[in-house]
Structures are given as C-alpha cells and as structure tokens.
Amino acid sequence: MKKRKPFDVIYEDNHLIIVNKAAGILVHEDITQDKTLEDYVKEYIKVKYEKPGDVFLGTIHRLDRPVSGVVVFARTSKALTRMNEIFRKRDVQKTYWAITSRKPEKKSGKLVHWLVKDSKANTVKAYDHEVENGQKAELNYRYIGNINKYHLIEVSPITGRPHQIRVQLASMGCPIKGDVKYGFPRGNEDGSIHLHARRIYFIHPIKNEPVLCKAAVPENPFWEEFLTLETEEIKEENLKFLY
C-alpha cells in the first residue's frame with residue numbers, strides 16, 4: 001500500500017510556507033503526542049535550507065485532524081504577527097469542500113449559530129439562538145452538484161470556530177461523509193472525513209501582493225470524481241462570459 005505523505009508544499013518564500021495537509025495529521029501537538037504537521041514542516045525546512053539549530057515556524061491557524069487541505073505557517077516572527085492580524089481582522093478568504101449524503105434544501109445560503117464546546121468530549125453543540133458561553137459562528141455555502149448519492153457543497157466560513165463547518169452543516173441536516181462525531185452513520189476506513197480546505201486568499205503580509213493557493217484533493221478515486229463538477233462549473237462560467 002502506498003504510504004501517504006503528511007503534506008505537499010503549495011507556496012514557499014522567506015516569510016511563509018503554505019502546505020496541503022493530509023487527513024489524519026495533527027497540526028499542533030495535543031495529548032496524544034503524535035508527530036505533528038509542525039514537526040514535519042520544520043524537518044523539511046531544516047533539510048532543504050541546511051539550517052543549524054532550531055527552525056522557527058509560527059502556527060497561524062489549524063485544521064482538525066481528520067480534515068485535509070491548506071494550512072499556512074509563518075517562517076519569521078514578523079510574518080507571524082502580521083498574519084495573525086490578517087486572520088483576526090478576517091482579511092482572508094477560505095473555501096472548503098464538503099461531501100455529504102444529503103442535499104441541502106436551498107442551493108445557497110448563510111448559516112448562523114452559537115457554538116458551545118464540550119472540552120471533555122471534544123465536541124461542539126450548535127444553537128440557532130444566542131446562548132450563554134456560546135461563540136457566534138457564521139458561514140456561507142453553495143451547492144455545486146452530485147455524483148451518485150453524494151453531494152458536493154462549497155463552504156466559505158466567515159468566522160473560524162472549532163469544528164464550525166462540521167457542526168453547522170450537520171445542524172442543517174447535512175453531516176459530512178465519515179464524520180460520526182456529528183451524525184454521519186459510519187466512519188471512513190482511514191479515519192478521515194470528507195472535508196477539504198480547498199483554497200485560501202489573502203494579501204501577503206510583507207510583499208503586499210495577492211496570494212491565492214489551491215490544495216489538490218486527496219489522491220483517491222472518490223475525491224477525484226468530484227473534480228469533474230468543478231470542471232463543468234468552470235466551463236459553464238466561460239460559456240456565460242462568451243455569450
């Protein structure tokens with residue numbers, strides 16, 4: 001069986017490194033003490049640039065362990081400070097792909113919930129009204145299409161709460177494939193869920209130029225089938241432009 005790489009590099013300069021994380025890899029250390037994406041990326045930088053001593057790597061944001069896709073790291077403290085501010089101000093556009101077995105009632109919309117985390121169970125509960133200790137969570141979604149009995153939904157989070165996309169989609173009756181924690185009936189064999197951080201866009205904190213990165217979907221036939229929906233959508237948009 002082909003061994004899965006922990007990450008692929010999408011973008012790299014002296015200030016930032018942006019990677020495509022494999023599902024199953026932790027971004028940051030937790031109680032399991034498993035090797036993290038941070039560890040792998042530090043090793044990559046140390047070897048590539050023959051750096052002596054410790055490698056600086058600043059974690060700007062995270063993805064849940066079973067989720068794949070784009071993760072941005074800072075390679076300098078200056079870039080870390082500025083990227084943290086970009087994320088704090090929400091001057092970043094993130095796009096996710098989620099696969100579900102249920103089609104949303106509306107083709108597009110905005111979801112607003114208040115989320116309360118249960119730290120012991122590592123789960124989040126969503127409420128459709130303001131509650132004590134609840135964090136407001138907002139996202140936009142649009143339905144892209146289906147292949148056989150599964151549906152592809154594109155999600156653009158406005159806020160960045162733990163488990164936000166997973167619990168919000170589940171709350172509208174569309175749990176993500178493989179996500180038994182939030183209502184999907186069975187898990188995926190490899191422990192992943194079908195949620196992928198597909199794209200990210202922001203203005204470079206040092207160079208002041210646009211950065212747009214897209215993460216390839218995981219290398220398996222199920223995910224790759226859904227790329228045809230994106231191709232069809234691009235063709236339709238091009239036809240609209242022509243006519």
# chains A, B, ... in the order shown; residues from 1 in each chain; ligands from 1

$ closest_atom_pairs --of "range 132-223 of chain A" --to "range 90-93 of chain A" --cutoff "12 Å" --atoms "only C-alpha atoms" --output "JSON lines"
{"residue": "A:Leu139", "atom": "CA", "partner": "A:Gln93", "partner_atom": "CA", "distance": 11.4}
{"residue": "A:Asn140", "atom": "CA", "partner": "A:Gln93", "partner_atom": "CA", "distance": 11.5}
{"residue": "A:Val155", "atom": "CA", "partner": "A:Gln93", "partner_atom": "CA", "distance": 10.8}
{"residue": "A:Ser156", "atom": "CA", "partner": "A:Gln93", "partner_atom": "CA", "distance": 7.4}
{"residue": "A:Pro157", "atom": "CA", "partner": "A:Gln93", "partner_atom": "CA", "distance": 8.1}
{"residue": "A:Ile158", "atom": "CA", "partner": "A:Arg90", "partner_atom": "CA", "distance": 7.4}
{"residue": "A:Thr159", "atom": "CA", "partner": "A:Arg90", "partner_atom": "CA", "distance": 7.6}
{"residue": "A:Gly160", "atom": "CA", "partner": "A:Arg90", "partner_atom": "CA", "distance": 9.0}
{"residue": "A:Ala197", "atom": "CA", "partner": "A:Gln93", "partner_atom": "CA", "distance": 11.2}
{"residue": "A:Arg198", "atom": "CA", "partner": "A:Gln93", "partner_atom": "CA", "distance": 10.9}
{"residue": "A:Arg199", "atom": "CA", "partner": "A:Gln93", "partner_atom": "CA", "distance": 8.0}
{"residue": "A:Ile200", "atom": "CA", "partner": "A:Gln93", "partner_atom": "CA", "distance": 5.6}
{"residue": "A:Tyr201", "atom": "CA", "partner": "A:Gln93", "partner_atom": "CA", "distance": 5.1}
{"residue": "A:Phe202", "atom": "CA", "partner": "A:Val92", "partner_atom": "CA", "distance": 4.8}
{"residue": "A:Ile203", "atom": "CA", "partner": "A:Val92", "partner_atom": "CA", "distance": 7.9}
{"residue": "A:His204", "atom": "CA", "partner": "A:Val92", "partner_atom": "CA", "distance": 10.3}
{"residue": "A:Pro205", "atom": "CA", "partner": "A:Asp91", "partner_atom": "CA", "distance": 11.0}
{"residue": "A:Pro210", "atom": "CA", "partner": "A:Val92", "partner_atom": "CA", "distance": 10.6}
{"residue": "A:Val211", "atom": "CA", "partner": "A:Val92", "partner_atom": "CA", "distance": 10.0}
{"residue": "A:Leu212", "atom": "CA", "partner": "A:Gln93", "partner_atom": "CA", "distance": 9.3}
{"residue": "A:Cys213", "atom": "CA", "partner": "A:Gln93", "partner_atom": "CA", "distance": 10.6}
{"residue": "A:Lys214", "atom": "CA", "partner": "A:Gln93", "partner_atom": "CA", "distance": 11.8}

$ write_last_selection --atoms "C-alpha atoms" --output "PDB file, in the first residue's frame"
ATOM      1  CA  LEU A 139     -20.578  30.692   7.110  1.00  0.00           C
ATOM      2  CA  ASN A 140     -21.823  30.913   3.543  1.00  0.00           C
ATOM      3  CA  VAL A 155     -18.296  26.422   2.182  1.00  0.00           C
ATOM      4  CA  SER A 156     -16.844  29.870   2.883  1.00  0.00           C
ATOM      5  CA  PRO A 157     -16.508  30.402   6.642  1.00  0.00           C
ATOM      6  CA  ILE A 158     -16.813  33.963   7.930  1.00  0.00           C
ATOM      7  CA  THR A 159     -15.691  33.087  11.454  1.00  0.00           C
ATOM      8  CA  GLY A 160     -13.155  30.456  12.460  1.00  0.00           C
ATOM      9  CA  ALA A 197      -9.655  23.137   2.828  1.00  0.00           C
ATOM     10  CA  ARG A 198      -9.591  23.835  -0.911  1.00  0.00           C
ATOM     11  CA  ARG A 199      -8.466  27.485  -1.338  1.00  0.00           C
ATOM     12  CA  ILE A 200      -7.114  30.447   0.562  1.00  0.00           C
ATOM     13  CA  TYR A 201      -6.638  34.075  -0.497  1.00  0.00           C
ATOM     14  CA  PHE A 202      -5.010  36.997   1.314  1.00  0.00           C
ATOM     15  CA  ILE A 203      -2.582  39.869   0.768  1.00  0.00           C
ATOM     16  CA  HIS A 204       0.997  38.870   1.560  1.00  0.00           C
ATOM     17  CA  PRO A 205       1.971  40.431   4.925  1.00  0.00           C
ATOM     18  CA  PRO A 210      -2.143  38.800  -3.554  1.00  0.00           C
ATOM     19  CA  VAL A 211      -1.606  35.178  -2.561  1.00  0.00           C
ATOM     20  CA  LEU A 212      -4.105  32.613  -3.888  1.00  0.00           C
ATOM     21  CA  CYS A 213      -3.435  28.950  -3.170  1.00  0.00           C
ATOM     22  CA  LYS A 214      -5.459  25.885  -4.080  1.00  0.00           C
TER      23      LYS A 214
END

$ residues_around --residues "range 222-230 of chain A" --least-positions-apart "4" --cutoff "8 Å" --atoms "only C-alpha atoms" --output "number ranges by chain"
A: 144-147, 152, 217-218, 234

$ write_last_selection --atoms "C-alpha atoms" --output "compact mmCIF listing (two decimals), in the first residue's frame"
# COMPACT_ATOMS: atom_id res chain seq x y z
CA ILE A 144 -22.14 22.53 -6.50
CA GLY A 145 -23.62 19.21 -7.60
CA ASN A 146 -23.80 15.48 -7.01
CA ILE A 147 -22.19 12.24 -8.12
CA LEU A 152 -20.55 18.49 -3.00
CA VAL A 217 -7.93 16.97 -3.27
CA PRO A 218 -6.67 13.77 -1.61
CA ILE A 234 -15.82 26.44 -14.97

$ residues_around --residues "range 102-119 of chain A" --least-positions-apart "4" --cutoff "9 Å" --atoms "only C-alpha atoms" --output "PyMOL selection string"
chain A and resi 123-146+149-153+161-162+164+167-169+172-175

$ select_by_dssp --residues "range 79-211 of chain A" --states "strand (DSSP E or B)" --output "VMD selection string"
chain A and resid 93 to 100 108 to 118 123 to 127 135 to 147 150 to 157 176 195 to 203 210 to 211

$ atom_distance --atom1 "CA of Leu16 in chain A" --atom2 "CA of Lys78 in chain A"
10.4 Å

$ select_by_dssp --residues "range 17-240 of chain A" --states "alpha helix (DSSP H)" --output "PyMOL selection string"
chain A and resi 37-48+77-88+164-171+221-225+227-240

$ write_last_selection --atoms "N, CA and C atoms" --output "short mmCIF file (atom, residue, chain, number, x, y, z; two decimals), in the first residue's frame"
data_model
loop_
_atom_site.label_atom_id
_atom_site.label_comp_id
_atom_site.auth_asym_id
_atom_site.auth_seq_id
_atom_site.Cartn_x
_atom_site.Cartn_y
_atom_site.Cartn_z
N LEU A 37 2.11 18.18 12.04
CA LEU A 37 2.44 18.86 10.79
C LEU A 37 3.56 19.87 11.03
N GLU A 38 3.52 20.56 12.15
CA GLU A 38 4.60 21.49 12.51
C GLU A 38 5.95 20.78 12.47
N ASP A 39 6.00 19.60 13.09
CA ASP A 39 7.25 18.83 13.13
C ASP A 39 7.73 18.49 11.73
N TYR A 40 6.80 18.00 10.90
CA TYR A 40 7.17 17.60 9.53
C TYR A 40 7.69 18.80 8.72
N VAL A 41 7.01 19.94 8.85
CA VAL A 41 7.40 21.12 8.07
C VAL A 41 8.74 21.67 8.56
N LYS A 42 8.95 21.66 9.86
CA LYS A 42 10.25 22.09 10.40
C LYS A 42 11.38 21.22 9.87
N GLU A 43 11.14 19.91 9.82
CA GLU A 43 12.15 18.99 9.29
C GLU A 43 12.45 19.31 7.83
N TYR A 44 11.39 19.57 7.07
CA TYR A 44 11.54 19.89 5.65
C TYR A 44 12.42 21.14 5.47
N ILE A 45 12.13 22.20 6.25
CA ILE A 45 12.89 23.46 6.14
C ILE A 45 14.34 23.24 6.56
N LYS A 46 14.52 22.51 7.65
CA LYS A 46 15.87 22.27 8.18
C LYS A 46 16.75 21.57 7.15
N VAL A 47 16.19 20.54 6.49
CA VAL A 47 16.95 19.78 5.49
C VAL A 47 17.16 20.60 4.23
N LYS A 48 16.11 21.21 3.71
CA LYS A 48 16.21 21.94 2.44
C LYS A 48 17.20 23.09 2.51
N SER A 77 9.05 35.80 12.69
CA SER A 77 8.16 36.36 13.72
C SER A 77 7.38 37.54 13.18
N LYS A 78 7.99 38.31 12.29
CA LYS A 78 7.31 39.46 11.67
C LYS A 78 6.11 38.99 10.84
N ALA A 79 6.32 37.96 10.04
CA ALA A 79 5.23 37.42 9.24
C ALA A 79 4.14 36.82 10.12
N LEU A 80 4.53 36.18 11.22
CA LEU A 80 3.56 35.60 12.14
C LEU A 80 2.66 36.67 12.75
N THR A 81 3.26 37.75 13.22
CA THR A 81 2.49 38.84 13.83
C THR A 81 1.50 39.43 12.83
N ARG A 82 1.98 39.66 11.62
CA ARG A 82 1.11 40.28 10.61
C ARG A 82 0.03 39.32 10.11
N MET A 83 0.37 38.03 9.96
CA MET A 83 -0.64 37.06 9.53
C MET A 83 -1.70 36.86 10.62
N ASN A 84 -1.29 36.87 11.87
CA ASN A 84 -2.26 36.78 12.97
C ASN A 84 -3.26 37.93 12.91
N GLU A 85 -2.77 39.11 12.55
CA GLU A 85 -3.63 40.29 12.43
C GLU A 85 -4.56 40.15 11.22
N ILE A 86 -4.06 39.62 10.14
CA ILE A 86 -4.89 39.38 8.95
C ILE A 86 -6.04 38.43 9.28
N PHE A 87 -5.74 37.37 10.01
CA PHE A 87 -6.78 36.42 10.41
C PHE A 87 -7.73 37.04 11.42
N ARG A 88 -7.18 37.82 12.35
CA ARG A 88 -8.04 38.46 13.37
C ARG A 88 -9.04 39.40 12.72
N GLN A 164 -16.43 24.21 13.38
CA GLN A 164 -17.55 25.03 12.91
C GLN A 164 -18.27 24.46 11.70
N ILE A 165 -17.55 24.17 10.63
CA ILE A 165 -18.19 23.69 9.40
C ILE A 165 -18.86 22.35 9.66
N ARG A 166 -18.20 21.50 10.40
CA ARG A 166 -18.73 20.16 10.68
C ARG A 166 -20.07 20.23 11.40
N VAL A 167 -20.13 21.02 12.46
CA VAL A 167 -21.36 21.06 13.26
C VAL A 167 -22.44 21.91 12.58
N GLN A 168 -22.06 22.96 11.86
CA GLN A 168 -23.07 23.78 11.20
C GLN A 168 -23.73 23.04 10.04
N LEU A 169 -22.96 22.32 9.23
CA LEU A 169 -23.57 21.54 8.16
C LEU A 169 -24.45 20.43 8.73
N ALA A 170 -23.98 19.80 9.80
CA ALA A 170 -24.80 18.76 10.45
C ALA A 170 -26.11 19.35 10.97
N SER A 171 -26.05 20.58 11.46
CA SER A 171 -27.25 21.22 12.01
C SER A 171 -28.29 21.53 10.95
N PRO A 221 -9.86 7.84 -5.66
CA PRO A 221 -10.86 7.96 -6.73
C PRO A 221 -12.14 8.68 -6.31
N PHE A 222 -12.56 8.47 -5.06
CA PHE A 222 -13.81 9.09 -4.61
C PHE A 222 -13.71 10.61 -4.66
N TRP A 223 -12.64 11.16 -4.08
CA TRP A 223 -12.45 12.61 -4.09
C TRP A 223 -12.27 13.12 -5.52
N GLU A 224 -11.45 12.42 -6.28
CA GLU A 224 -11.09 12.89 -7.62
C GLU A 224 -12.29 12.95 -8.55
N GLU A 225 -13.29 12.09 -8.33
CA GLU A 225 -14.52 12.14 -9.13
C GLU A 225 -15.17 13.52 -9.06
N LEU A 227 -13.88 16.38 -8.82
CA LEU A 227 -13.22 17.42 -9.60
C LEU A 227 -13.94 17.68 -10.91
N THR A 228 -14.64 16.67 -11.43
CA THR A 228 -15.38 16.85 -12.68
C THR A 228 -16.48 17.90 -12.51
N LEU A 229 -17.04 18.00 -11.31
CA LEU A 229 -18.08 19.01 -11.06
C LEU A 229 -17.49 20.41 -11.15
N GLU A 230 -16.29 20.59 -10.63
CA GLU A 230 -15.62 21.90 -10.71
C GLU A 230 -15.31 22.24 -12.16
N THR A 231 -14.85 21.24 -12.91
CA THR A 231 -14.53 21.46 -14.33
C THR A 231 -15.77 21.87 -15.11
N GLU A 232 -16.89 21.18 -14.85
CA GLU A 232 -18.14 21.51 -15.53
C GLU A 232 -18.60 22.92 -15.19
N GLU A 233 -18.42 23.31 -13.92
CA GLU A 233 -18.83 24.63 -13.47
C GLU A 233 -18.01 25.72 -14.16
N ILE A 234 -16.70 25.48 -14.29
CA ILE A 234 -15.82 26.44 -14.97
C ILE A 234 -16.23 26.59 -16.43
N LYS A 235 -16.55 25.47 -17.08
CA LYS A 235 -16.99 25.52 -18.47
C LYS A 235 -18.26 26.35 -18.62
N GLU A 236 -19.21 26.16 -17.69
CA GLU A 236 -20.47 26.91 -17.73
C GLU A 236 -20.21 28.40 -17.55
N GLU A 237 -19.30 28.76 -16.64
CA GLU A 237 -18.97 30.17 -16.40
C GLU A 237 -18.32 30.79 -17.64
N ASN A 238 -17.46 30.01 -18.29
CA ASN A 238 -16.80 30.50 -19.51
C ASN A 238 -17.80 30.73 -20.63
N LEU A 239 -18.79 29.84 -20.75
CA LEU A 239 -19.82 29.99 -21.77
C LEU A 239 -20.67 31.24 -21.52
N LYS A 240 -20.98 31.47 -20.23
CA LYS A 240 -21.75 32.68 -19.87
C LYS A 240 -20.97 33.93 -20.28
#

$ atom_distance --atom1 "CA of Lys181 in chain A" --atom2 "CA of Ile25 in chain A"
17.7 Å

$ atom_distance --atom1 "CA of His28 in chain A" --atom2 "CA of Gly183 in chain A"
25.6 Å
